[in-house]
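A.B. asks: Below is coords_18.pdb; it holds PDB, C-alpha atoms and all ligand atoms.
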```pdb
ATOM      1  CA  SER A   1      22.072   3.082 -18.820
ATOM      2  CA  ALA A   2      20.582   5.564 -16.401
ATOM      3  CA  ASP A   3      22.750   6.871 -13.596
ATOM      4  CA  PRO A   4      20.311   7.772 -10.820
ATOM      5  CA  SER A   5      22.647  10.416  -9.471
ATOM      6  CA  ALA A   6      22.802  12.084 -12.893
ATOM      7  CA  PHE A   7      19.248  13.405 -12.828
ATOM      8  CA  SER A   8      16.864  14.494 -10.146
ATOM      9  CA  LEU A   9      13.871  12.255  -9.673
ATOM     10  CA  PRO A  10      10.579  13.382 -11.174
ATOM     11  CA  PRO A  11       7.581  13.969  -8.907
ATOM     12  CA  MET A  12       6.459  10.615  -7.518
ATOM     13  CA  ALA A  13       3.072   9.013  -6.790
ATOM     14  CA  GLU A  14       2.276   5.863  -4.846
ATOM     15  CA  LEU A  15      -0.833   3.704  -4.610
ATOM     16  CA  HIS A  16       0.206   0.926  -2.237
ATOM     17  CA  CYS A  17       1.389   1.864   1.225
ATOM     18  CA  HIS A  18      -0.090   0.678   4.525
ATOM     19  CA  LEU A  19      -0.542   3.555   6.971
ATOM     20  CA  GLU A  20       0.258   1.404  10.011
ATOM     21  CA  GLY A  21       3.253   0.099   8.048
ATOM     22  CA  THR A  22       4.774   3.590   7.725
ATOM     23  CA  VAL A  23       5.446   3.862  11.467
ATOM     24  CA  SER A  24       9.209   4.018  11.998
ATOM     25  CA  PRO A  25      10.755   2.242  14.987
ATOM     26  CA  ALA A  26      11.398   5.692  16.516
ATOM     27  CA  MET A  27       7.733   6.685  16.108
ATOM     28  CA  ALA A  28       6.649   3.298  17.488
ATOM     29  CA  MET A  29       8.785   3.877  20.605
ATOM     30  CA  LYS A  30       7.263   7.357  20.953
ATOM     31  CA  LEU A  31       3.738   5.916  20.757
ATOM     32  CA  GLY A  32       4.732   3.127  23.136
ATOM     33  CA  ALA A  33       5.981   5.693  25.664
ATOM     34  CA  ARG A  34       2.767   7.684  25.235
ATOM     35  CA  HIS A  35       0.740   4.630  26.227
ATOM     36  CA  GLY A  36       3.067   2.940  28.717
ATOM     37  CA  MET A  37       3.838   0.042  26.378
ATOM     38  CA  ASP A  38       7.256  -1.560  26.074
ATOM     39  CA  LEU A  39       7.832  -2.282  22.391
ATOM     40  CA  GLN A  40      11.587  -2.931  22.592
ATOM     41  CA  GLY A  41      10.894  -6.614  21.961
ATOM     42  CA  LEU A  42       9.819  -5.774  18.407
ATOM     43  CA  LEU A  43      13.261  -4.432  17.522
ATOM     44  CA  ASP A  44      16.591  -6.075  16.797
ATOM     45  CA  ALA A  45      19.980  -5.002  18.186
ATOM     46  CA  HIS A  46      20.227  -2.322  15.478
ATOM     47  CA  GLY A  47      16.861  -0.802  16.332
ATOM     48  CA  ALA A  48      15.131  -2.171  13.220
ATOM     49  CA  TYR A  49      11.916  -4.206  13.249
ATOM     50  CA  ALA A  50      12.866  -7.830  13.870
ATOM     51  CA  TRP A  51      11.139 -10.513  11.798
ATOM     52  CA  ASP A  52      12.299 -13.428   9.688
ATOM     53  CA  ASN A  53       9.473 -14.456   7.405
ATOM     54  CA  PHE A  54       6.059 -13.351   6.123
ATOM     55  CA  HIS A  55       4.103 -14.607   9.139
ATOM     56  CA  GLU A  56       6.524 -13.027  11.600
ATOM     57  CA  PHE A  57       6.307  -9.791   9.630
ATOM     58  CA  LEU A  58       2.488  -9.811   9.879
ATOM     59  CA  ALA A  59       2.688 -10.565  13.614
ATOM     60  CA  SER A  60       5.246  -7.797  14.193
ATOM     61  CA  TYR A  61       3.068  -5.394  12.201
ATOM     62  CA  ASP A  62      -0.008  -6.283  14.266
ATOM     63  CA  ALA A  63       1.927  -5.936  17.546
ATOM     64  CA  MET A  64       3.337  -2.520  16.580
ATOM     65  CA  ALA A  65      -0.088  -1.350  15.401
ATOM     66  CA  LYS A  66      -1.432  -1.886  18.937
ATOM     67  CA  ALA A  67       0.557   1.210  19.938
ATOM     68  CA  ILE A  68      -1.511   3.352  17.533
ATOM     69  CA  GLN A  69      -4.460   4.054  19.780
ATOM     70  CA  THR A  70      -5.848   7.585  19.784
ATOM     71  CA  PRO A  71      -6.953  10.115  17.156
ATOM     72  CA  GLU A  72      -3.759  12.048  18.004
ATOM     73  CA  ASP A  73      -1.656   8.935  17.269
ATOM     74  CA  TYR A  74      -3.326   8.506  13.880
ATOM     75  CA  PHE A  75      -2.906  12.188  13.124
ATOM     76  CA  ASP A  76       0.786  12.060  14.034
ATOM     77  CA  ILE A  77       1.711   8.972  12.003
ATOM     78  CA  THR A  78      -0.179  10.251   8.950
ATOM     79  CA  TYR A  79       1.250  13.764   9.077
ATOM     80  CA  ASP A  80       4.778  12.469   9.756
ATOM     81  CA  TYR A  81       4.676  10.192   6.750
ATOM     82  CA  TYR A  82       3.291  12.676   4.253
ATOM     83  CA  ALA A  83       5.478  15.545   5.475
ATOM     84  CA  ALA A  84       8.586  13.368   5.085
ATOM     85  CA  MET A  85       7.569  12.020   1.677
ATOM     86  CA  ALA A  86       6.524  15.433   0.351
ATOM     87  CA  ARG A  87      10.075  16.600   1.047
ATOM     88  CA  ARG A  88      11.324  13.688  -1.089
ATOM     89  CA  GLY A  89       9.048  14.644  -3.990
ATOM     90  CA  LEU A  90       5.922  12.537  -3.482
ATOM     91  CA  ILE A  91       2.969  14.490  -4.912
ATOM     92  CA  TYR A  92       0.194  11.921  -4.444
ATOM     93  CA  GLY A  93      -0.260   8.978  -2.095
ATOM     94  CA  GLU A  94      -2.998   6.527  -1.203
ATOM     95  CA  SER A  95      -2.785   5.014   2.277
ATOM     96  CA  PHE A  96      -4.283   1.665   3.166
ATOM     97  CA  VAL A  97      -6.057   2.120   6.501
ATOM     98  CA  SER A  98      -7.312  -0.817   8.514
ATOM     99  CA  PRO A  99     -10.428  -0.007  10.585
ATOM    100  CA  ASP A 100      -9.904  -3.339  12.345
ATOM    101  CA  HIS A 101      -6.662  -2.055  13.830
ATOM    102  CA  GLY A 102      -8.320   1.248  14.798
ATOM    103  CA  GLN A 103     -11.292  -0.407  16.422
ATOM    104  CA  TYR A 104      -9.041  -2.565  18.552
ATOM    105  CA  HIS A 105      -8.782   0.394  20.904
ATOM    106  CA  GLY A 106     -12.386   1.422  20.582
ATOM    107  CA  LEU A 107     -11.905   4.229  18.061
ATOM    108  CA  SER A 108     -15.087   4.682  16.104
ATOM    109  CA  TYR A 109     -14.790   4.621  12.338
ATOM    110  CA  PRO A 110     -15.708   8.298  11.827
ATOM    111  CA  THR A 111     -13.207   9.355  14.514
ATOM    112  CA  LEU A 112     -10.482   7.295  12.865
ATOM    113  CA  ILE A 113     -11.160   8.666   9.390
ATOM    114  CA  ASP A 114     -11.488  12.253  10.639
ATOM    115  CA  ALA A 115      -8.097  12.092  12.380
ATOM    116  CA  ILE A 116      -6.306  10.685   9.324
ATOM    117  CA  SER A 117      -8.097  13.080   6.949
ATOM    118  CA  ALA A 118      -7.187  16.078   9.105
ATOM    119  CA  ALA A 119      -3.516  15.075   8.942
ATOM    120  CA  MET A 120      -3.702  14.580   5.166
ATOM    121  CA  GLN A 121      -5.304  17.997   4.758
ATOM    122  CA  LYS A 122      -2.681  19.658   6.942
ATOM    123  CA  ALA A 123       0.086  17.959   4.923
ATOM    124  CA  GLU A 124      -1.577  19.255   1.751
ATOM    125  CA  ALA A 125      -1.800  22.789   3.171
ATOM    126  CA  ASP A 126       1.814  22.711   4.408
ATOM    127  CA  PHE A 127       3.534  20.838   1.574
ATOM    128  CA  GLY A 128       1.137  20.663  -1.390
ATOM    129  CA  ILE A 129       0.981  16.861  -1.253
ATOM    130  CA  THR A 130      -2.349  15.161  -1.994
ATOM    131  CA  ALA A 131      -3.355  12.006  -0.114
ATOM    132  CA  ARG A 132      -6.394   9.724   0.024
ATOM    133  CA  ILE A 133      -7.540   6.724   2.069
ATOM    134  CA  ILE A 134      -8.168   3.161   0.912
ATOM    135  CA  LEU A 135      -9.935   1.054   3.520
ATOM    136  CA  ILE A 136      -8.342  -2.310   3.866
ATOM    137  CA  ALA A 137      -9.699  -5.573   5.143
ATOM    138  CA  VAL A 138      -7.284  -8.081   6.617
ATOM    139  CA  ARG A 139      -7.731 -11.446   4.935
ATOM    140  CA  HIS A 140      -6.709 -13.561   7.927
ATOM    141  CA  TYR A 141      -9.292 -11.759  10.081
ATOM    142  CA  GLY A 142     -11.953 -13.493   7.991
ATOM    143  CA  VAL A 143     -14.988 -12.840   5.817
ATOM    144  CA  GLU A 144     -17.284 -11.298   8.434
ATOM    145  CA  ARG A 145     -14.787  -8.616   9.414
ATOM    146  CA  ALA A 146     -14.098  -7.819   5.755
ATOM    147  CA  LYS A 147     -17.828  -7.358   5.215
ATOM    148  CA  ALA A 148     -17.956  -5.128   8.284
ATOM    149  CA  VAL A 149     -15.212  -2.881   6.856
ATOM    150  CA  ALA A 150     -17.120  -2.531   3.569
ATOM    151  CA  GLU A 151     -20.293  -1.826   5.520
ATOM    152  CA  LEU A 152     -18.602   1.024   7.399
ATOM    153  CA  ALA A 153     -17.639   2.635   4.101
ATOM    154  CA  HIS A 154     -21.185   2.216   2.853
ATOM    155  CA  ARG A 155     -22.764   3.725   5.945
ATOM    156  CA  HIS A 156     -20.324   6.632   6.365
ATOM    157  CA  PRO A 157     -19.314   8.021   2.965
ATOM    158  CA  HIS A 158     -16.327  10.342   3.255
ATOM    159  CA  PRO A 159     -14.642  12.365   0.506
ATOM    160  CA  MET A 160     -11.149  11.234   1.555
ATOM    161  CA  VAL A 161     -12.059   7.522   1.443
ATOM    162  CA  VAL A 162     -11.768   6.501  -2.198
ATOM    163  CA  GLY A 163     -11.016   2.784  -2.244
ATOM    164  CA  PHE A 164     -11.412  -0.620  -0.681
ATOM    165  CA  GLY A 165      -8.817  -3.366  -0.625
ATOM    166  CA  MET A 166      -7.667  -6.493   1.116
ATOM    167  CA  GLY A 167      -4.214  -7.454   2.426
ATOM    168  CA  GLY A 168      -3.053  -9.941   4.999
ATOM    169  CA  ASP A 169      -2.319 -13.623   4.607
ATOM    170  CA  GLU A 170      -2.906 -14.622   1.008
ATOM    171  CA  HIS A 171      -2.905 -18.321   1.914
ATOM    172  CA  TYR A 172      -6.045 -17.887   3.955
ATOM    173  CA  LEU A 173      -9.511 -18.482   2.402
ATOM    174  CA  HIS A 174     -10.367 -17.831  -1.284
ATOM    175  CA  PRO A 175     -11.009 -14.518  -3.061
ATOM    176  CA  ALA A 176     -14.548 -15.680  -3.905
ATOM    177  CA  ASP A 177     -15.288 -15.797  -0.163
ATOM    178  CA  PHE A 178     -14.967 -12.012  -0.175
ATOM    179  CA  LYS A 179     -17.333 -11.313  -3.094
ATOM    180  CA  GLN A 180     -19.994  -9.717  -0.920
ATOM    181  CA  ALA A 181     -17.530  -7.429   0.844
ATOM    182  CA  PHE A 182     -16.082  -6.166  -2.442
ATOM    183  CA  ALA A 183     -19.544  -5.777  -4.010
ATOM    184  CA  ARG A 184     -20.695  -3.709  -1.039
ATOM    185  CA  ALA A 185     -17.612  -1.485  -1.308
ATOM    186  CA  ALA A 186     -18.155  -1.037  -5.051
ATOM    187  CA  ASP A 187     -21.755  -0.084  -4.325
ATOM    188  CA  ALA A 188     -20.388   2.620  -2.005
ATOM    189  CA  GLY A 189     -18.541   4.037  -5.023
ATOM    190  CA  LEU A 190     -15.084   2.873  -3.987
ATOM    191  CA  GLY A 191     -12.276   1.729  -6.277
ATOM    192  CA  LEU A 192     -11.214  -1.874  -5.675
ATOM    193  CA  THR A 193      -7.811  -3.491  -5.224
ATOM    194  CA  CYS A 194      -6.685  -6.745  -3.629
ATOM    195  CA  HIS A 195      -3.298  -8.180  -2.642
ATOM    196  CA  ALA A 196      -2.551 -11.255  -4.764
ATOM    197  CA  GLY A 197       0.438 -12.906  -6.396
ATOM    198  CA  GLU A 198       2.814 -11.849  -3.653
ATOM    199  CA  VAL A 199       3.401 -14.900  -1.468
ATOM    200  CA  MET A 200       1.307 -17.095  -3.776
ATOM    201  CA  GLY A 201       1.642 -17.624  -7.502
ATOM    202  CA  PRO A 202      -0.275 -16.544 -10.624
ATOM    203  CA  GLU A 203      -3.245 -18.824  -9.821
ATOM    204  CA  SER A 204      -4.005 -16.555  -6.862
ATOM    205  CA  ILE A 205      -4.137 -13.497  -9.166
ATOM    206  CA  LYS A 206      -6.353 -15.354 -11.626
ATOM    207  CA  ALA A 207      -8.728 -16.389  -8.835
ATOM    208  CA  THR A 208      -8.833 -12.785  -7.624
ATOM    209  CA  ILE A 209      -9.707 -11.200 -10.974
ATOM    210  CA  ASP A 210     -12.264 -13.946 -11.652
ATOM    211  CA  ALA A 211     -14.030 -13.388  -8.334
ATOM    212  CA  LEU A 212     -13.615  -9.682  -7.609
ATOM    213  CA  ALA A 213     -14.144  -6.597  -9.817
ATOM    214  CA  VAL A 214     -10.747  -5.083  -9.009
ATOM    215  CA  SER A 215      -9.094  -2.543 -11.313
ATOM    216  CA  ARG A 216      -5.756  -2.952  -9.527
ATOM    217  CA  ILE A 217      -3.854  -5.829  -7.950
ATOM    218  CA  GLY A 218      -1.674  -5.338  -4.875
ATOM    219  CA  HIS A 219       1.706  -6.757  -5.938
ATOM    220  CA  GLY A 220       0.613  -9.162  -8.716
ATOM    221  CA  VAL A 221       4.297  -9.540  -9.430
ATOM    222  CA  ARG A 222       4.105 -13.291  -9.924
ATOM    223  CA  ALA A 223       1.779 -12.798 -12.902
ATOM    224  CA  ILE A 224       5.003 -12.879 -14.920
ATOM    225  CA  GLU A 225       5.060 -16.689 -14.454
ATOM    226  CA  ASP A 226       1.900 -17.122 -16.567
ATOM    227  CA  PRO A 227       1.864 -15.571 -20.083
ATOM    228  CA  ALA A 228      -1.899 -16.140 -20.505
ATOM    229  CA  LEU A 229      -2.534 -14.255 -17.279
ATOM    230  CA  VAL A 230      -0.253 -11.422 -18.410
ATOM    231  CA  ASP A 231      -2.349 -11.172 -21.605
ATOM    232  CA  GLU A 232      -5.583 -11.130 -19.624
ATOM    233  CA  LEU A 233      -4.336  -8.444 -17.222
ATOM    234  CA  ARG A 234      -3.137  -6.339 -20.156
ATOM    235  CA  ASP A 235      -6.430  -6.778 -22.062
ATOM    236  CA  LYS A 236      -8.457  -5.808 -18.999
ATOM    237  CA  GLY A 237      -6.184  -2.853 -18.213
ATOM    238  CA  ILE A 238      -5.652  -4.094 -14.653
ATOM    239  CA  VAL A 239      -2.875  -2.143 -12.956
ATOM    240  CA  LEU A 240      -0.195  -3.802 -10.821
ATOM    241  CA  GLU A 241       0.887  -2.117  -7.602
ATOM    242  CA  LEU A 242       4.450  -3.435  -7.605
ATOM    243  CA  CYS A 243       6.561  -3.235  -4.435
ATOM    244  CA  PRO A 244      10.023  -4.541  -5.371
ATOM    245  CA  GLY A 245      11.738  -3.618  -2.096
ATOM    246  CA  SER A 246       9.017  -5.380  -0.131
ATOM    247  CA  ASN A 247       9.328  -8.459  -2.357
ATOM    248  CA  VAL A 248      13.063  -8.688  -1.741
ATOM    249  CA  ALA A 249      12.693  -8.077   2.011
ATOM    250  CA  LEU A 250      10.080 -10.847   2.256
ATOM    251  CA  GLY A 251      12.158 -13.237   0.171
ATOM    252  CA  VAL A 252       9.758 -13.457  -2.790
ATOM    253  CA  TYR A 253      12.939 -12.803  -4.811
ATOM    254  CA  PRO A 254      16.413 -13.403  -3.407
ATOM    255  CA  GLU A 255      17.786 -10.025  -4.471
ATOM    256  CA  ARG A 256      16.742  -6.879  -6.250
ATOM    257  CA  SER A 257      18.691  -7.824  -9.391
ATOM    258  CA  THR A 258      16.474 -10.910  -9.877
ATOM    259  CA  HIS A 259      13.176  -9.031  -9.483
ATOM    260  CA  PRO A 260      11.064  -9.299 -12.679
ATOM    261  CA  LEU A 261      10.236  -5.566 -12.888
ATOM    262  CA  ALA A 262      11.972  -5.252 -16.277
ATOM    263  CA  ALA A 263      10.024  -8.194 -17.717
ATOM    264  CA  LEU A 264       6.756  -6.802 -16.360
ATOM    265  CA  ILE A 265       7.424  -3.455 -18.024
ATOM    266  CA  GLN A 266       8.398  -5.227 -21.268
ATOM    267  CA  SER A 267       5.169  -7.206 -21.184
ATOM    268  CA  GLY A 268       3.188  -3.998 -21.632
ATOM    269  CA  LEU A 269       1.348  -4.282 -18.342
ATOM    270  CA  LYS A 270       0.326  -1.135 -16.510
ATOM    271  CA  ILE A 271       2.615  -0.987 -13.512
ATOM    272  CA  THR A 272       3.305   1.352 -10.619
ATOM    273  CA  LEU A 273       6.090   1.536  -8.016
ATOM    274  CA  ASN A 274       5.253   1.420  -4.322
ATOM    275  CA  SER A 275       6.864   1.074  -0.886
ATOM    276  CA  ASP A 276       4.261  -1.153   0.921
ATOM    277  CA  ASP A 277       5.551  -0.928   4.538
ATOM    278  CA  PRO A 278       8.662   1.253   4.220
ATOM    279  CA  PRO A 279      10.485   0.939   7.586
ATOM    280  CA  PHE A 280       9.696  -2.787   7.844
ATOM    281  CA  PHE A 281      11.313  -3.370   4.454
ATOM    282  CA  HIS A 282      14.111  -0.781   4.694
ATOM    283  CA  THR A 283      12.749   1.174   1.763
ATOM    284  CA  ASP A 284      10.654   4.200   0.815
ATOM    285  CA  ILE A 285       9.135   5.454  -2.408
ATOM    286  CA  GLU A 286      12.233   7.476  -3.322
ATOM    287  CA  GLN A 287      14.369   4.359  -2.913
ATOM    288  CA  GLU A 288      11.979   2.420  -5.159
ATOM    289  CA  TYR A 289      12.273   5.024  -7.923
ATOM    290  CA  ARG A 290      16.065   5.154  -7.541
ATOM    291  CA  ASN A 291      16.358   1.381  -7.658
ATOM    292  CA  ALA A 292      14.274   1.259 -10.833
ATOM    293  CA  SER A 293      16.775   3.580 -12.482
ATOM    294  CA  LEU A 294      19.691   1.601 -11.078
ATOM    295  CA  PHE A 295      18.468  -1.948 -11.768
ATOM    296  CA  GLU A 296      16.155  -1.487 -14.768
ATOM    297  CA  SER A 297      17.946   1.523 -16.279
ATOM    298  CA  LEU A 298      14.801   3.631 -16.248
ATOM    299  CA  ASP A 299      15.590   7.250 -17.053
ATOM    300  CA  ALA A 300      13.839  10.368 -15.808
ATOM    301  CA  ALA A 301      11.246  10.192 -18.591
ATOM    302  CA  ASP A 302      10.483   6.518 -17.824
ATOM    303  CA  LEU A 303      10.052   7.315 -14.147
ATOM    304  CA  ARG A 304       7.826  10.265 -14.945
ATOM    305  CA  GLN A 305       5.689   7.879 -17.002
ATOM    306  CA  LEU A 306       5.330   5.607 -13.939
ATOM    307  CA  THR A 307       4.100   8.577 -11.928
ATOM    308  CA  ARG A 308       1.555   9.362 -14.656
ATOM    309  CA  GLN A 309       0.470   5.730 -14.678
ATOM    310  CA  ALA A 310      -0.068   5.803 -10.903
ATOM    311  CA  ILE A 311      -2.111   8.996 -11.073
ATOM    312  CA  SER A 312      -4.268   7.706 -13.889
ATOM    313  CA  ALA A 313      -4.914   4.477 -11.902
ATOM    314  CA  ALA A 314      -5.562   6.381  -8.671
ATOM    315  CA  PHE A 315      -8.953   6.144  -6.962
ATOM    316  CA  CYS A 316      -9.317   9.905  -6.404
ATOM    317  CA  ASP A 317     -11.753  11.898  -8.543
ATOM    318  CA  ASP A 318     -10.942  13.005 -12.100
ATOM    319  CA  LYS A 319     -10.609  16.653 -11.195
ATOM    320  CA  THR A 320      -7.877  15.830  -8.678
ATOM    321  CA  LYS A 321      -6.124  13.648 -11.285
ATOM    322  CA  GLN A 322      -6.241  16.427 -13.873
ATOM    323  CA  ARG A 323      -4.607  18.773 -11.423
ATOM    324  CA  LEU A 324      -1.818  16.278 -10.712
ATOM    325  CA  LEU A 325      -1.138  14.991 -14.231
TER
HETATM  326  N1  LIG A 401      -0.176  -5.972   5.247
HETATM  327  C1  LIG A 401       0.797  -5.071   5.311
HETATM  328  N2  LIG A 401       1.758  -5.342   4.411
HETATM  329  C2  LIG A 401       1.372  -6.453   3.743
HETATM  330  C3  LIG A 401       1.932  -7.232   2.693
HETATM  331  N3  LIG A 401       3.103  -6.927   2.122
HETATM  332  N4  LIG A 401       1.268  -8.315   2.277
HETATM  333  C4  LIG A 401       0.110  -8.629   2.851
HETATM  334  N5  LIG A 401      -0.464  -7.933   3.825
HETATM  335  C5  LIG A 401       0.162  -6.850   4.270
HETATM  336 ZN    ZN A 402       0.699  -4.372   0.904
END
```
Let's see the structure in the file written out as structure tokens.

C.D. replies:
Amino acid sequence: SADPSAFSLPPMAELHCHLEGTVSPAMAMKLGARHGMDLQGLLDAHGAYAWDNFHEFLASYDAMAKAIQTPEDYFDITYDYYAAMARRGLIYGESFVSPDHGQYHGLSYPTLIDAISAAMQKAEADFGITARIILIAVRHYGVERAKAVAELAHRHPHPMVVGFGMGGDEHYLHPADFKQAFARAADAGLGLTCHAGEVMGPESIKATIDALAVSRIGHGVRAIEDPALVDELRDKGIVLELCPGSNVALGVYPERSTHPLAALIQSGLKITLNSDDPPFFHTDIEQEYRNASLFESLDAADLRQLTRQAISAAFCDDKTKQRLL
């Protein structure tokens, strides 16, 4: 079995990480101070984000995100994240960015995207890390706002914006309700992904791939409960953005040792490792790679293969992929 301390990790890539969800408690307090907001109530006695279940997590996330207000704030959180992860060995990352959160404080879409892109480009210049943006609609904000996000992408094409996705409360509405939003995003040339099979079961993944032309599923971990669905995902080459640490933190699985990552790999599905909302779930991409060597006995070559899988499923252009592969 692989001893994670016995080899250095290969270069890493990640496809599923929410930009607002990368803000550490320390950074949140800094932003709070910048804007005269008291965010202490979001933290527990140990200074970690306090939440007890999926809905509380989403509420805590939304409350923290209200402290991200200006182009400078967006620049700082983006640069902080990619600088820190580049030092750990991340070579490519896609960040989910929610224009709904940005617009809450009146930031226009182009201003928001310019600030994040500038930070990504500075991180690339300083550390050689490549990053791209996936616009994300928030499911519990409803169909009209999801369509509005897709419309923004359509109206303002930007080289750093390469994908469209949807997160938020999976219990709310049906994937088919979002057909128009996803079709509009596809028409803008964006890659498509959607959270499914995280807090709901395989039927939610099936409904998603039936309704929406996604090439990746956010999480999708519970596909393992339905062999026919596993076959369909494999046949269609749909890639799973797995986030084991997030799943354990949210109680989808009681502990890391019972996570079905090994079975998903065995099933021949295309899978990737991701951190989702690192400080909320007490993880980061390096931890996810290390845990895969610890719990699933993946060795350096296996982990390198996961990085290759992520880059080949990335939404950036082929020339960028070639450079990274
Ligand atoms: N938004 C941020 N993190 C999320 C998650 N794990 N599931 C659904 N929506 C999210
Ligand atoms: Zn997510």

A.B. asks: Decode the PyMOL selection byres (((not hetatm)) within 10 of (chain A and resi 402)) for the given file into explicit residues and return them as a ChimeraX atom specification.

C.D. replies: /A:15-18,21,96,136,165-168,194-196,198,218-219,241-243,246,274-277

A.B. asks: Nearest to A:Ala313 among A:Gly220, A:Gly189, A:Gly32, A:Gly237, with distances taken over all atoms listed in the file: which residue is it?

C.D. replies: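 Ranked by minimum distance to A:Ala313, first place goes to A:Gly237.
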
A.B. asks: Just how far from atom CA of A:Asp73 is atom CA of A:Ala115, in Å to one decimal?

C.D. replies: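 So the answer is 8.7 Å.
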
A.B. asks: Return the padded bounding box of stretch 41-45 of chain A as lines of an AutoDock Vina configuration file: axis-aligned, built from all atoms listed in the file, 6 Å added on each side, with centre and edge lengths in Å to one decimal.

C.D. replies:
```
center_x = 14.9
center_y = -5.5
center_z = 19.4
size_x = 22.2
size_y = 14.2
size_z = 17.2
```

A.B. asks: Hey, can you pull every residue with an atom no more than 8 Å from (-2.4, -2.8, 12.1), using only C-alpha atoms, and send it as a list in words?

C.D. replies: Glu20, Gly21, Tyr61, Asp62, Ala63, Met64, Ala65, Lys66, Ser98, Asp100, His101 and Gly102 of chain A

A.B. asks: Please write as a PyMOL selection string the full residue list that the PyMOL selection byres (((chain A and resi 206-208) around 8) and not hetatm) yields on this file.

C.D. replies: chain A and resi 174-176+194+196+202-205+209-212+229

A.B. asks: With all atoms listed in the file counted, which protein, DNA or RNA residues have an atom no more than 12 Å from (12.8, -7.0, 15.7) in the file frame? Please answer as a PyMOL selection string.

C.D. replies: chain A and resi 25+39-53+56-57+59-61+63-64+279-281

A.B. asks: Once the PyMOL selection byres (((chain A and resi 292-308) around 7) and not hetatm) has been applied to the shown file, what residues remain in the selection, as a tab-separated table (two decimals) with C-alpha atoms, in the frame of the given file?

C.D. replies:
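Written file, selection_3.tsv:
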```tsv
chain	number	residue	atom	x	y	z
A	1	SER	CA	22.07	3.08	-18.82
A	2	ALA	CA	20.58	5.56	-16.40
A	3	ASP	CA	22.75	6.87	-13.60
A	4	PRO	CA	20.31	7.77	-10.82
A	7	PHE	CA	19.25	13.40	-12.83
A	9	LEU	CA	13.87	12.26	-9.67
A	10	PRO	CA	10.58	13.38	-11.17
A	12	MET	CA	6.46	10.62	-7.52
A	13	ALA	CA	3.07	9.01	-6.79
A	257	SER	CA	18.69	-7.82	-9.39
A	262	ALA	CA	11.97	-5.25	-16.28
A	272	THR	CA	3.30	1.35	-10.62
A	288	GLU	CA	11.98	2.42	-5.16
A	289	TYR	CA	12.27	5.02	-7.92
A	290	ARG	CA	16.07	5.15	-7.54
A	291	ASN	CA	16.36	1.38	-7.66
A	309	GLN	CA	0.47	5.73	-14.68
A	310	ALA	CA	-0.07	5.80	-10.90
A	311	ILE	CA	-2.11	9.00	-11.07
A	312	SER	CA	-4.27	7.71	-13.89
A	325	LEU	CA	-1.14	14.99	-14.23
```

A.B. asks: If I take atom CA of A:Pro260 and atom CA of A:Ser8, how far is one from the other in Å, to one decimal?

C.D. replies: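 That distance, rounded to one decimal, is 24.6 Å.
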
A.B. asks: For atom CA of A:Leu152 and atom CA of A:Ile129, quote the distance in Å rounded to one decimal.

C.D. replies: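 Computing it gives 26.6 Å between the two atoms.
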
A.B. asks: When distances are computed from only C-alpha atoms, which of A:Asn247, A:Lys236, A:Leu261, A:Leu273 shows the smallest separation from A:Ile224?

C.D. replies: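 Of A:Asn247, A:Lys236, A:Leu261, A:Leu273, the one nearest A:Ile224 is A:Leu261, counting only C-alpha atoms.
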
A.B. asks: Using only C-alpha atoms, determine which residues lie at most 12 Å from A:Ala153, disregarding the query and same-chain residues fewer than 4 positions distant; provide the list as JSON, numbers by chain.

C.D. replies: {"A": [97, 98, 99, 109, 110, 113, 133, 134, 135, 136, 137, 146, 147, 148, 149, 157, 158, 159, 160, 161, 162, 163, 164, 165, 181, 182, 183, 184, 185, 186, 187, 188, 189, 190, 191]}

A.B. asks: Only C-alpha atoms, please: the residues just picked out, written as an mmCIF file, in the frame of the given file.

C.D. replies:
```cif
data_model
loop_
_atom_site.group_PDB
_atom_site.id
_atom_site.type_symbol
_atom_site.label_atom_id
_atom_site.label_comp_id
_atom_site.auth_asym_id
_atom_site.auth_seq_id
_atom_site.Cartn_x
_atom_site.Cartn_y
_atom_site.Cartn_z
ATOM 1 C CA VAL A 97 -6.057 2.120 6.501
ATOM 2 C CA SER A 98 -7.312 -0.817 8.514
ATOM 3 C CA PRO A 99 -10.428 -0.007 10.585
ATOM 4 C CA TYR A 109 -14.790 4.621 12.338
ATOM 5 C CA PRO A 110 -15.708 8.298 11.827
ATOM 6 C CA ILE A 113 -11.160 8.666 9.390
ATOM 7 C CA ILE A 133 -7.540 6.724 2.069
ATOM 8 C CA ILE A 134 -8.168 3.161 0.912
ATOM 9 C CA LEU A 135 -9.935 1.054 3.520
ATOM 10 C CA ILE A 136 -8.342 -2.310 3.866
ATOM 11 C CA ALA A 137 -9.699 -5.573 5.143
ATOM 12 C CA ALA A 146 -14.098 -7.819 5.755
ATOM 13 C CA LYS A 147 -17.828 -7.358 5.215
ATOM 14 C CA ALA A 148 -17.956 -5.128 8.284
ATOM 15 C CA VAL A 149 -15.212 -2.881 6.856
ATOM 16 C CA PRO A 157 -19.314 8.021 2.965
ATOM 17 C CA HIS A 158 -16.327 10.342 3.255
ATOM 18 C CA PRO A 159 -14.642 12.365 0.506
ATOM 19 C CA MET A 160 -11.149 11.234 1.555
ATOM 20 C CA VAL A 161 -12.059 7.522 1.443
ATOM 21 C CA VAL A 162 -11.768 6.501 -2.198
ATOM 22 C CA GLY A 163 -11.016 2.784 -2.244
ATOM 23 C CA PHE A 164 -11.412 -0.620 -0.681
ATOM 24 C CA GLY A 165 -8.817 -3.366 -0.625
ATOM 25 C CA ALA A 181 -17.530 -7.429 0.844
ATOM 26 C CA PHE A 182 -16.082 -6.166 -2.442
ATOM 27 C CA ALA A 183 -19.544 -5.777 -4.010
ATOM 28 C CA ARG A 184 -20.695 -3.709 -1.039
ATOM 29 C CA ALA A 185 -17.612 -1.485 -1.308
ATOM 30 C CA ALA A 186 -18.155 -1.037 -5.051
ATOM 31 C CA ASP A 187 -21.755 -0.084 -4.325
ATOM 32 C CA ALA A 188 -20.388 2.620 -2.005
ATOM 33 C CA GLY A 189 -18.541 4.037 -5.023
ATOM 34 C CA LEU A 190 -15.084 2.873 -3.987
ATOM 35 C CA GLY A 191 -12.276 1.729 -6.277
#
```
